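query06.cif (mmCIF, C-alpha atoms and all ligand atoms) appears below.
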```
data_data
#
loop_
_atom_site.label_atom_id
_atom_site.label_comp_id
_atom_site.auth_asym_id
_atom_site.auth_seq_id
_atom_site.Cartn_x
_atom_site.Cartn_y
_atom_site.Cartn_z
CA MET A 1 14.52 -27.51 -2.85
CA ASP A 2 14.39 -26.09 -6.37
CA LEU A 3 12.47 -23.01 -7.44
CA SER A 4 9.52 -24.99 -8.83
CA ASP A 5 9.12 -26.77 -5.48
CA ALA A 6 9.27 -23.46 -3.64
CA ARG A 7 6.65 -21.92 -5.92
CA GLU A 8 4.41 -24.99 -5.54
CA LYS A 9 4.64 -24.70 -1.76
CA ALA A 10 3.97 -20.95 -1.98
CA ARG A 11 0.80 -21.68 -3.94
CA GLU A 12 -0.52 -23.65 -0.94
CA ARG A 13 0.77 -21.26 1.68
CA MET A 14 -0.45 -18.10 -0.03
CA LYS A 15 -3.89 -19.43 -0.98
CA GLY A 16 -6.25 -16.50 -1.50
CA THR A 17 -3.34 -14.02 -1.50
CA CYS A 18 -1.31 -14.97 -4.56
CA GLY A 19 -2.11 -17.36 -7.40
CA VAL A 20 1.61 -17.93 -8.12
CA TYR A 21 0.78 -17.59 -11.81
CA LYS A 22 3.24 -18.48 -14.55
CA VAL A 23 3.74 -14.76 -15.09
CA CYS A 24 3.11 -12.22 -12.33
CA ASP A 25 1.77 -9.50 -14.61
CA GLY A 26 -0.75 -7.68 -12.44
CA ASN A 27 -3.55 -8.24 -14.93
CA PRO A 28 -6.90 -7.04 -13.55
CA ASP A 29 -8.28 -10.61 -13.36
CA ARG A 30 -5.49 -11.87 -11.05
CA LEU A 31 -6.67 -12.66 -7.54
CA CYS A 32 -4.37 -10.09 -5.92
CA GLN A 33 -5.66 -7.26 -8.10
CA GLY A 34 -8.78 -5.05 -7.92
CA ILE A 35 -9.84 -2.16 -5.71
CA LYS A 36 -9.59 -3.26 -2.07
CA TYR A 37 -12.24 -0.97 -0.55
CA GLY A 38 -10.33 -0.45 2.68
CA LYS A 39 -8.87 -3.97 2.96
CA ALA A 40 -5.13 -4.74 2.94
CA LEU A 41 -3.41 -4.79 -0.46
CA GLY A 42 -2.13 -8.35 -0.31
CA LEU A 43 0.32 -8.68 -3.16
CA GLY A 44 -1.70 -6.44 -5.46
CA GLY A 45 -1.42 -2.82 -6.51
CA ILE A 46 -3.08 0.29 -5.09
CA GLY A 47 -6.33 1.61 -6.54
CA LYS A 48 -7.18 -0.04 -9.85
CA GLY A 49 -3.71 -1.58 -9.90
CA THR A 50 -2.58 0.21 -13.04
CA THR A 51 0.90 1.13 -11.78
CA PHE A 52 1.63 -2.52 -10.93
CA THR A 53 0.52 -3.55 -14.43
CA ALA A 54 2.42 -0.67 -16.05
CA ASN A 55 5.70 -1.87 -14.51
CA VAL A 56 5.40 -5.23 -16.25
CA GLN A 57 4.08 -3.79 -19.51
CA ALA A 58 6.84 -1.18 -19.76
CA LEU A 59 9.44 -3.97 -19.59
CA ASP A 60 7.52 -6.16 -22.03
CA ARG A 61 7.29 -3.36 -24.62
CA LEU A 62 11.08 -3.27 -24.84
CA ARG A 63 12.30 -5.80 -27.39
CA LEU A 64 15.81 -7.24 -27.47
CA LYS A 65 17.90 -8.25 -30.46
CA SER A 66 20.53 -10.98 -30.63
CA ARG A 67 24.18 -10.25 -31.55
CA LEU A 68 26.01 -13.52 -31.91
CA ILE A 69 28.90 -13.07 -34.30
CA SER A 70 31.82 -12.13 -32.10
CA LEU A 71 34.43 -13.97 -30.04
CA HIS A 72 32.71 -15.92 -27.26
CA LYS A 73 33.58 -14.97 -23.69
CA GLU A 74 32.10 -15.96 -20.37
CA PRO A 75 29.98 -12.96 -19.28
CA GLU A 76 31.50 -11.05 -16.37
CA MET A 77 28.61 -10.36 -13.98
CA LYS A 78 30.47 -9.51 -10.77
CA ALA A 79 29.79 -6.08 -9.31
CA SER A 80 30.86 -4.08 -6.28
CA PHE A 81 28.38 -2.43 -3.92
CA PHE A 82 30.36 -0.03 -1.72
CA GLY A 83 33.34 -2.37 -1.60
CA HIS A 84 31.28 -5.53 -1.19
CA GLU A 85 31.63 -7.85 -4.13
CA VAL A 86 28.49 -9.53 -5.42
CA ALA A 87 28.32 -12.31 -8.00
CA PHE A 88 25.72 -10.43 -10.08
CA PRO A 89 23.98 -7.03 -9.89
CA ILE A 90 20.64 -8.36 -8.68
CA PHE A 91 19.29 -7.81 -5.16
CA CYS A 92 16.19 -8.91 -3.31
CA THR A 93 14.46 -5.60 -2.62
CA SER A 94 13.09 -4.43 0.75
CA MET A 95 9.73 -5.90 1.75
CA SER A 96 7.70 -6.30 4.93
CA GLY A 97 4.20 -7.15 6.13
CA VAL A 98 4.11 -10.96 5.99
CA GLN A 99 0.97 -11.16 8.14
CA ILE A 100 -0.95 -8.32 6.55
CA SER A 101 0.10 -8.72 2.90
CA MET A 102 1.72 -12.09 2.18
CA GLY A 103 -0.69 -14.65 3.65
CA GLY A 104 1.00 -14.96 7.05
CA ALA A 105 2.31 -18.54 6.71
CA ILE A 106 5.67 -17.63 8.27
CA SER A 107 6.76 -14.94 10.71
CA GLU A 108 8.33 -11.62 9.75
CA LEU A 109 11.64 -12.80 11.23
CA GLU A 110 11.54 -16.04 9.23
CA PHE A 111 10.87 -14.02 6.08
CA ASP A 112 13.71 -11.58 6.74
CA ARG A 113 16.09 -14.44 7.56
CA ALA A 114 15.13 -16.19 4.32
CA VAL A 115 15.86 -13.02 2.31
CA ILE A 116 19.12 -12.16 4.04
CA ARG A 117 20.57 -15.69 4.26
CA GLY A 118 19.24 -16.80 0.89
CA CYS A 119 20.83 -13.85 -0.88
CA LYS A 120 24.09 -14.25 1.01
CA THR A 121 24.36 -17.89 -0.05
CA ALA A 122 23.64 -16.89 -3.66
CA GLY A 123 26.48 -14.34 -3.55
CA THR A 124 24.36 -11.23 -3.45
CA ILE A 125 22.67 -8.89 -0.96
CA GLY A 126 19.20 -9.01 0.55
CA PHE A 127 17.32 -5.88 1.61
CA VAL A 128 14.75 -5.89 4.41
CA GLY A 129 11.78 -3.56 4.78
CA ASP A 130 9.97 -1.90 7.65
CA GLY A 131 6.26 -1.76 8.33
CA ALA A 132 3.59 -1.37 10.95
CA GLU A 133 4.53 -4.74 12.50
CA THR A 134 8.31 -4.35 12.55
CA LEU A 135 9.11 -1.46 14.89
CA GLU A 136 8.99 -3.38 18.15
CA ASP A 137 11.10 -6.47 17.33
CA ARG A 138 13.21 -5.12 14.45
CA PRO A 139 13.23 -8.50 12.61
CA GLY A 140 15.18 -7.05 9.70
CA LEU A 141 18.02 -5.88 11.91
CA GLN A 142 18.06 -9.18 13.75
CA ALA A 143 18.38 -11.08 10.45
CA ILE A 144 21.17 -8.75 9.33
CA ARG A 145 23.02 -9.12 12.65
CA GLU A 146 22.79 -12.91 12.41
CA ALA A 147 24.34 -12.74 8.93
CA ASP A 148 27.29 -10.71 10.27
CA GLY A 149 25.92 -7.53 8.75
CA TRP A 150 25.45 -8.86 5.23
CA GLY A 151 22.25 -7.00 4.41
CA VAL A 152 20.60 -3.64 3.83
CA GLN A 153 17.79 -2.12 5.91
CA ILE A 154 15.22 0.27 4.44
CA PHE A 155 13.06 2.09 7.00
CA LYS A 156 9.69 3.78 6.51
CA PRO A 157 9.81 7.61 6.52
CA ARG A 158 8.88 7.72 10.20
CA GLU A 159 9.21 10.64 12.60
CA GLN A 160 12.68 12.14 12.33
CA SER A 161 13.69 11.28 15.92
CA VAL A 162 12.59 7.64 15.50
CA LEU A 163 14.47 7.35 12.22
CA LEU A 164 17.66 8.79 13.66
CA ARG A 165 17.56 6.13 16.37
CA LEU A 166 16.80 3.31 13.91
CA ILE A 167 19.62 4.36 11.58
CA GLN A 168 22.05 4.08 14.48
CA GLU A 169 20.73 0.61 15.22
CA ALA A 170 21.31 -0.40 11.61
CA ARG A 171 24.91 0.74 11.92
CA ALA A 172 25.29 -1.23 15.16
CA ALA A 173 23.88 -4.32 13.40
CA GLY A 174 26.73 -3.92 10.90
CA ALA A 175 24.46 -3.35 7.88
CA ILE A 176 26.06 -2.66 4.51
CA ALA A 177 23.79 0.33 3.88
CA VAL A 178 20.62 1.93 5.20
CA GLY A 179 17.86 3.98 3.66
CA VAL A 180 14.28 5.18 3.59
CA ASP A 181 11.44 4.27 1.23
CA LEU A 182 10.15 7.79 0.67
CA ASP A 183 7.08 6.44 -1.10
CA GLY A 184 5.91 4.94 2.20
CA ALA A 185 4.78 8.47 3.09
CA GLY A 186 1.13 7.85 2.32
CA SER A 187 0.82 4.50 4.09
CA VAL A 188 -2.60 4.05 5.68
CA PRO A 189 -1.73 0.90 7.72
CA MET A 190 1.17 2.77 9.34
CA ALA A 191 -1.08 5.69 10.31
CA LEU A 192 -3.80 3.36 11.61
CA LYS A 193 -1.25 1.56 13.80
CA GLY A 194 -0.15 4.86 15.35
CA GLN A 195 3.17 4.95 13.50
CA PRO A 196 2.89 8.08 11.39
CA VAL A 197 4.90 8.46 8.20
CA PHE A 198 5.75 11.66 6.38
CA ARG A 199 7.13 13.27 3.26
CA LYS A 200 10.66 14.49 4.01
CA SER A 201 12.29 17.79 3.11
CA VAL A 202 15.81 18.08 1.67
CA GLU A 203 16.94 19.43 5.07
CA GLU A 204 15.46 16.48 6.94
CA LEU A 205 17.03 14.02 4.51
CA LYS A 206 20.39 15.79 4.82
CA GLU A 207 20.16 15.29 8.58
CA LEU A 208 19.45 11.56 8.17
CA VAL A 209 22.25 11.08 5.64
CA ALA A 210 24.74 13.00 7.81
CA SER A 211 23.79 11.01 10.91
CA THR A 212 25.55 7.85 9.70
CA SER A 213 28.71 6.72 7.98
CA LEU A 214 26.71 4.06 6.15
CA PRO A 215 25.88 4.62 2.47
CA PHE A 216 22.37 6.09 2.43
CA ILE A 217 19.65 4.96 0.02
CA LEU A 218 16.64 7.01 -1.06
CA LYS A 219 14.07 4.57 -2.41
CA GLY A 220 10.92 5.55 -4.25
CA ILE A 221 12.18 8.18 -6.69
CA THR A 222 10.16 8.42 -9.93
CA SER A 223 10.27 12.10 -10.97
CA GLU A 224 12.92 14.44 -12.33
CA GLU A 225 12.14 16.83 -9.45
CA ASP A 226 12.83 14.22 -6.77
CA ALA A 227 15.92 12.94 -8.59
CA ALA A 228 17.43 16.44 -8.61
CA ALA A 229 16.47 16.99 -4.95
CA ALA A 230 17.93 13.62 -3.96
CA LEU A 231 21.32 14.75 -5.25
CA GLN A 232 21.29 17.63 -2.74
CA THR A 233 20.90 15.30 0.24
CA GLY A 234 24.26 13.53 0.04
CA CYS A 235 22.62 10.11 -0.42
CA LYS A 236 24.76 7.50 -2.15
CA VAL A 237 22.05 5.42 -3.81
CA VAL A 238 18.81 6.35 -5.53
CA ALA A 239 16.38 3.46 -5.94
CA VAL A 240 14.09 4.28 -8.83
CA SER A 241 10.94 2.53 -7.72
CA ASN A 242 7.19 2.98 -7.39
CA HIS A 243 6.92 0.35 -4.65
CA GLY A 244 5.67 -2.24 -7.11
CA GLY A 245 2.62 -0.05 -7.80
CA ARG A 246 1.45 -0.11 -4.20
CA THR A 247 1.52 3.56 -3.26
CA LEU A 248 0.11 5.67 -6.13
CA ASP A 249 -2.14 4.47 -8.93
CA SER A 250 -1.77 5.60 -12.55
CA MET A 251 2.00 5.97 -12.63
CA LEU A 252 4.33 5.15 -15.48
CA GLY A 253 6.12 1.82 -15.45
CA ILE A 254 9.66 2.00 -14.06
CA ALA A 255 11.21 1.02 -17.40
CA ASP A 256 9.52 4.13 -18.85
CA VAL A 257 10.68 6.37 -15.99
CA LEU A 258 14.29 5.21 -15.78
CA PRO A 259 15.48 6.80 -19.07
CA ARG A 260 14.22 10.20 -17.81
CA LEU A 261 16.08 9.97 -14.51
CA VAL A 262 19.35 8.36 -15.58
CA PRO A 263 20.71 11.54 -17.23
CA ILE A 264 20.20 13.37 -13.92
CA LEU A 265 21.65 10.67 -11.67
CA LYS A 266 24.28 8.75 -13.65
CA GLY A 267 27.80 8.99 -12.26
CA LYS A 268 26.61 10.99 -9.22
CA VAL A 269 24.92 8.24 -7.25
CA VAL A 270 24.49 4.50 -7.60
CA ILE A 271 21.23 3.81 -9.44
CA ALA A 272 19.09 0.87 -8.35
CA ALA A 273 15.75 0.07 -9.95
CA ASP A 274 12.81 -2.23 -9.25
CA GLY A 275 9.29 -2.81 -10.48
CA GLY A 276 7.98 -5.68 -12.60
CA VAL A 277 11.26 -7.62 -12.83
CA ARG A 278 10.43 -11.31 -13.32
CA THR A 279 13.39 -12.74 -15.26
CA GLY A 280 17.04 -12.15 -16.01
CA PHE A 281 15.93 -10.75 -19.37
CA ASP A 282 14.06 -8.02 -17.49
CA VAL A 283 17.24 -7.46 -15.46
CA LEU A 284 19.24 -6.96 -18.66
CA LYS A 285 16.67 -4.39 -19.87
CA MET A 286 16.88 -2.37 -16.64
CA LEU A 287 20.69 -2.44 -16.80
CA ALA A 288 20.54 -1.34 -20.44
CA LEU A 289 18.34 1.60 -19.42
CA GLY A 290 21.04 2.73 -17.00
CA ALA A 291 20.48 0.98 -13.67
CA ASP A 292 23.63 -0.15 -11.84
CA PHE A 293 21.70 -2.69 -9.76
CA VAL A 294 18.32 -4.29 -10.36
CA MET A 295 16.03 -5.50 -7.62
CA ALA A 296 13.09 -7.90 -7.63
CA GLY A 297 10.23 -8.03 -5.15
CA ARG A 298 7.24 -10.29 -5.63
CA GLU A 299 9.31 -13.11 -7.19
CA PHE A 300 11.39 -13.26 -4.01
CA ILE A 301 8.27 -13.20 -1.81
CA ARG A 302 6.98 -16.40 -3.40
CA ALA A 303 10.44 -17.99 -3.18
CA ALA A 304 10.83 -17.05 0.50
CA ILE A 305 7.33 -18.04 1.64
CA GLY A 306 7.49 -21.35 -0.23
CA GLY A 307 11.15 -22.26 0.17
CA GLY A 308 12.71 -20.11 2.88
CA ALA A 309 16.38 -19.24 2.41
CA GLU A 310 16.82 -22.08 -0.09
CA GLY A 311 13.96 -20.72 -2.18
CA VAL A 312 15.53 -17.26 -2.17
CA THR A 313 18.91 -18.67 -3.22
CA ALA A 314 17.17 -20.59 -6.03
CA GLU A 315 15.34 -17.44 -7.19
CA ALA A 316 18.57 -15.43 -7.25
CA ALA A 317 20.27 -18.24 -9.20
CA PHE A 318 17.37 -18.34 -11.66
CA LEU A 319 17.53 -14.60 -12.30
CA SER A 320 21.31 -14.57 -12.64
CA GLN A 321 21.41 -17.58 -14.97
CA ASP A 322 18.95 -15.87 -17.29
CA LEU A 323 20.99 -12.67 -17.09
CA ARG A 324 24.06 -14.66 -18.16
CA LYS A 325 22.12 -16.14 -21.07
CA ALA A 326 20.77 -12.70 -22.03
CA MET A 327 24.31 -11.27 -22.02
CA ILE A 328 25.60 -14.06 -24.27
CA MET A 329 22.69 -13.65 -26.69
CA THR A 330 22.98 -9.86 -26.90
CA GLY A 331 26.76 -9.86 -27.32
CA CYS A 332 27.60 -8.32 -23.93
CA ASN A 333 30.76 -9.61 -22.25
CA THR A 334 30.69 -7.25 -19.28
CA LEU A 335 28.08 -5.29 -17.35
CA SER A 336 29.43 -2.02 -18.74
CA GLU A 337 28.79 -3.29 -22.27
CA ILE A 338 25.05 -3.56 -21.54
CA ASN A 339 23.52 -0.44 -23.05
CA GLU A 340 20.60 0.60 -25.28
CA GLU A 341 22.18 -1.20 -28.23
CA VAL A 342 20.68 -4.44 -26.88
CA PHE A 343 17.25 -3.15 -27.86
CA ALA A 344 15.73 -4.04 -31.25
C1 LIG A 401 3.96 -7.30 -0.18
C2 LIG A 401 4.94 -6.20 -0.43
C3 LIG A 401 5.49 -5.53 0.65
C4 LIG A 401 6.40 -4.48 0.45
N1 LIG A 401 6.95 -3.86 1.55
C5 LIG A 401 7.89 -2.89 1.34
C6 LIG A 401 8.58 -2.30 2.46
O1 LIG A 401 8.34 -2.61 3.61
N2 LIG A 401 9.54 -1.38 2.19
C7 LIG A 401 9.87 -1.01 0.90
O2 LIG A 401 10.79 -0.21 0.71
N3 LIG A 401 9.22 -1.53 -0.16
C8 LIG A 401 8.26 -2.47 0.03
N4 LIG A 401 7.66 -3.06 -1.06
C9 LIG A 401 8.03 -2.62 -2.42
C10 LIG A 401 9.24 -3.40 -2.94
O3 LIG A 401 10.41 -3.03 -2.26
C11 LIG A 401 9.50 -3.16 -4.43
O4 LIG A 401 9.60 -1.78 -4.69
C12 LIG A 401 8.45 -3.79 -5.36
O5 LIG A 401 7.96 -4.99 -4.81
C13 LIG A 401 9.08 -4.06 -6.72
O6 LIG A 401 8.14 -4.51 -7.64
P1 LIG A 401 7.90 -6.08 -7.99
O7 LIG A 401 7.24 -6.67 -6.78
O8 LIG A 401 6.99 -6.02 -9.16
O9 LIG A 401 9.23 -6.71 -8.27
C14 LIG A 401 6.74 -4.10 -0.87
C15 LIG A 401 6.20 -4.81 -1.96
C16 LIG A 401 5.32 -5.85 -1.76
C17 LIG A 401 4.78 -6.58 -2.96
#
```

File written out as structure tokens:
Amino acid sequence: MDLSDAREKARERMKGTCGVYKVCDGNPDRLCQGIKYGKALGLGGIGKGTTFTANVQALDRLRLKSRLISLHKEPEMKASFFGHEVAFPIFCTSMSGVQISMGGAISELEFDRAVIRGCKTAGTIGFVGDGAETLEDRPGLQAIREADGWGVQIFKPREQSVLLRLIQEARAAGAIAVGVDLDGAGSVPMALKGQPVFRKSVEELKELVASTSLPFILKGITSEEDAAAALQTGCKVVAVSNHGGRTLDSMLGIADVLPRLVPILKGKVVIAADGGVRTGFDVLKMLALGADFVMAGREFIRAAIGGGAEGVTAEAAFLSQDLRKAMIMTGCNTLSEINEEVFA
């Protein structure tokens, strides 16, 4: 199954949820967008959807320039994530809520398996999310266990005692890393399903980080204040992310936020970034802004729902092939050579 087939299948399976447009840009006229008036978000953004749109626009505003007169070399895209070698610095980010948000054509476990296995086959790492439907069966951890630990689990900022238990379970599943999406703190579906979520203090985060030997990821950082606070917790990875525009309306796009946070974080923690990434050219831009790893969300949802693990592998290959092309065209032989000089 190639990526076009997977997207075609996703168009049928996600009817009414996602139009599988040629570009997923979050424009107000897209069927996923618009104020939901109490209904589930689907694949859209929160409120008027402006943060979702801003993510894509911030990347589009950045223009690249070609640099072609130099000795040709095959781009070196391999990277190491806490000792685990990946073929390219692109991950499938953490996502959950297949029934409530993604059209419900497959089960949560099938989705998580597609992400974890599909990424593993492609030579990279899949992340799995946590939501109101995942506490009981832990589909993400099951998928990670089945892949001999080759995956990362991100949990919602649940009650401290629940989180401490879940983090231990992630370790037992052999996960590569574990973390919390701090921007899940305002989730209404979680509260309605009796699974409260909270903001977390530095002390609480320190306790979570210290409770495990796994590298700890804080996902959902978009301000200088949070970036500085994150450094006090002992976390190993900061994921600069606004949840694809699903948690707070009227935010800046991630490509606008990243340059503000990189000076605070660079060299102290691993920087991951997501939000609006649709192609390998977008990946190159995020790397040039200072991200060490770039993650994509909605593109992998369509690939997984339409094509399962094969679809996810095809999506990862698509993104990495375009990254290779972007590196050749901008004169970058290695990942460390990708910097702001690629911009026009
Ligand atoms: C349907 C959907 C469900 C999501 N569920 C989660 C989740 O459970 N945990 C999490 O950390 N992030 C979740 N996210 C946010 C993604 O991890 C990521 O930040 C975002 O999708 C990136 O933007 P993009 O979709 O434009 O690539 C979800 C996003 C979508 C679209």

Residues within 10 Å of range 141-143 of chain A, all atoms listed in the file, excluding chain neighbours under 4 positions, as a ChimeraX atom specification: /A:109-117,128-130,134,137,147-153,166,169-175

Of the listed residues A:Thr313, A:Asn339, A:Asn242, A:Gln168, that which approaches ligand LIG 401 (chain A) most closely, counting all atoms listed in the file: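 Smallest separation from ligand LIG 401 (chain A) among the options: A:Asn242.
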
May I ask you to write as a list of chain:residue names all residues lying at most 6 Å from ligand LIG 401 (chain A), with all atoms listed in the file counted?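 After applying the 6 Å limit, what remains is A:Leu43, A:Thr93, A:Ser94, A:Met95, A:Ser96, A:Gly97, A:Ser101, A:Met102, A:Gly129, A:Asp130, A:Gly131, A:Ile154, A:Asp181, A:Ser241, A:Asn242, A:His243, A:Gly244, A:Asp274, A:Gly275, A:Gly276, A:Val277, A:Ala296, A:Gly297, A:Arg298.
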
Using only C-alpha atoms, determine which residues lie at most 12 Å from Asp29 in chain A, disregarding the query and same-chain residues fewer than 5 positions distant; provide the list as a ChimeraX atom specification. /A:19,21,24,34-35,44,48-49,53

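For range 185-202 of chain A, the non-local neighbours within 7 Å, defined as residues at least 2 positions apart in the same chain or in other chains and counting only C-alpha atoms, are A:Gly131, A:Ala132, A:Lys156, A:Pro157, A:Arg158, A:Glu159, A:Leu182, A:Asp183, A:Glu204, A:Leu205, A:Lys206, A:Ala229, A:Thr233.
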
Between CA of Glu8 in chain A and CA of Asn55 in chain A, what is the distance, to one decimal in Å?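 Atom-to-atom, CA of Glu8 in chain A to CA of Asn55 in chain A, that is 24.8 Å.
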
Please determine, counting only C-alpha atoms, which residue among A:Ile328, A:Ala105, A:Leu258, A:Leu248 has the shortest atom-to-atom distance to Ile271 in chain A.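 So, comparing all the options, the nearest one is A:Leu258.
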
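Taking CA of Ser107 in chain A and CA of Gly47 in chain A as the two end points, the separation is 27.3 Å.
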
Set up a box along x, y and z of the file covering all listed atoms of range 86-105 of chain A, add 4 Å on every one of the six sides, and write the centre and edge lengths in Å to one decimal, as lines of an AutoDock Vina configuration file.
```
center_x = 13.8
center_y = -11.5
center_z = -1.0
size_x = 37.4
size_y = 22.1
size_z = 26.2
```

Straight-line distance linking CA of Gly234 in chain A with CA of Gly253 in chain A, stated in Å to one decimal: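 According to the coordinates, CA of Gly234 in chain A and CA of Gly253 in chain A are separated by 26.6 Å.
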
Taking only C-alpha atoms into account, name the residue in A:Val262, A:Ile144, A:Val20, A:Leu41 that is nearest to Arg246 in chain A.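 Using only C-alpha atoms, the shortest distance to Arg246 in chain A belongs to A:Leu41.
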
Kindly indicate which residue among A:Glu299, A:Asp249, A:Asp226, A:Asp292 lies nearest to Arg7 in chain A, using all atoms listed in the file for the distances.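 Nearest to Arg7 in chain A: A:Glu299.
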
Which is closer to Leu319 in chain A than all the others in A:Gly331, A:Gly103, A:Pro139, A:Gly280, using all atoms listed in the file?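 Ranking A:Gly331, A:Gly103, A:Pro139, A:Gly280 by distance to Leu319 in chain A, first place goes to A:Gly280.
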
Got a sec: who's within 12 Å of Ala317 in chain A, counting only C-alpha atoms, leaving out chain neighbours fewer than 2 positions off, as a PDB file with C-alpha atoms, in the coordinates of the input?
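Final output, saved to out_4.pdb:
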```
ATOM      1  CA  ASP A   2      14.390 -26.090  -6.370  1.00  0.00           C
ATOM      2  CA  LEU A   3      12.470 -23.010  -7.440  1.00  0.00           C
ATOM      3  CA  ALA A  87      28.320 -12.310  -8.000  1.00  0.00           C
ATOM      4  CA  PHE A  88      25.720 -10.430 -10.080  1.00  0.00           C
ATOM      5  CA  PRO A  89      23.980  -7.030  -9.890  1.00  0.00           C
ATOM      6  CA  ILE A  90      20.640  -8.360  -8.680  1.00  0.00           C
ATOM      7  CA  PHE A  91      19.290  -7.810  -5.160  1.00  0.00           C
ATOM      8  CA  CYS A  92      16.190  -8.910  -3.310  1.00  0.00           C
ATOM      9  CA  GLY A 118      19.240 -16.800   0.890  1.00  0.00           C
ATOM     10  CA  CYS A 119      20.830 -13.850  -0.880  1.00  0.00           C
ATOM     11  CA  LYS A 120      24.090 -14.250   1.010  1.00  0.00           C
ATOM     12  CA  THR A 121      24.360 -17.890  -0.050  1.00  0.00           C
ATOM     13  CA  ALA A 122      23.640 -16.890  -3.660  1.00  0.00           C
ATOM     14  CA  GLY A 123      26.480 -14.340  -3.550  1.00  0.00           C
ATOM     15  CA  THR A 124      24.360 -11.230  -3.450  1.00  0.00           C
ATOM     16  CA  THR A 279      13.390 -12.740 -15.260  1.00  0.00           C
ATOM     17  CA  GLY A 280      17.040 -12.150 -16.010  1.00  0.00           C
ATOM     18  CA  PHE A 300      11.390 -13.260  -4.010  1.00  0.00           C
ATOM     19  CA  ALA A 303      10.440 -17.990  -3.180  1.00  0.00           C
ATOM     20  CA  GLU A 310      16.820 -22.080  -0.090  1.00  0.00           C
ATOM     21  CA  GLY A 311      13.960 -20.720  -2.180  1.00  0.00           C
ATOM     22  CA  VAL A 312      15.530 -17.260  -2.170  1.00  0.00           C
ATOM     23  CA  THR A 313      18.910 -18.670  -3.220  1.00  0.00           C
ATOM     24  CA  ALA A 314      17.170 -20.590  -6.030  1.00  0.00           C
ATOM     25  CA  GLU A 315      15.340 -17.440  -7.190  1.00  0.00           C
ATOM     26  CA  LEU A 319      17.530 -14.600 -12.300  1.00  0.00           C
ATOM     27  CA  SER A 320      21.310 -14.570 -12.640  1.00  0.00           C
ATOM     28  CA  GLN A 321      21.410 -17.580 -14.970  1.00  0.00           C
ATOM     29  CA  ASP A 322      18.950 -15.870 -17.290  1.00  0.00           C
ATOM     30  CA  LEU A 323      20.990 -12.670 -17.090  1.00  0.00           C
ATOM     31  CA  ARG A 324      24.060 -14.660 -18.160  1.00  0.00           C
TER      32      ARG A 324
END
```

Tell me which of A:Met77, A:Glu133, A:Ile254, A:Ser70 sits closest to Ile100 in chain A, counting only C-alpha atoms. A:Glu133
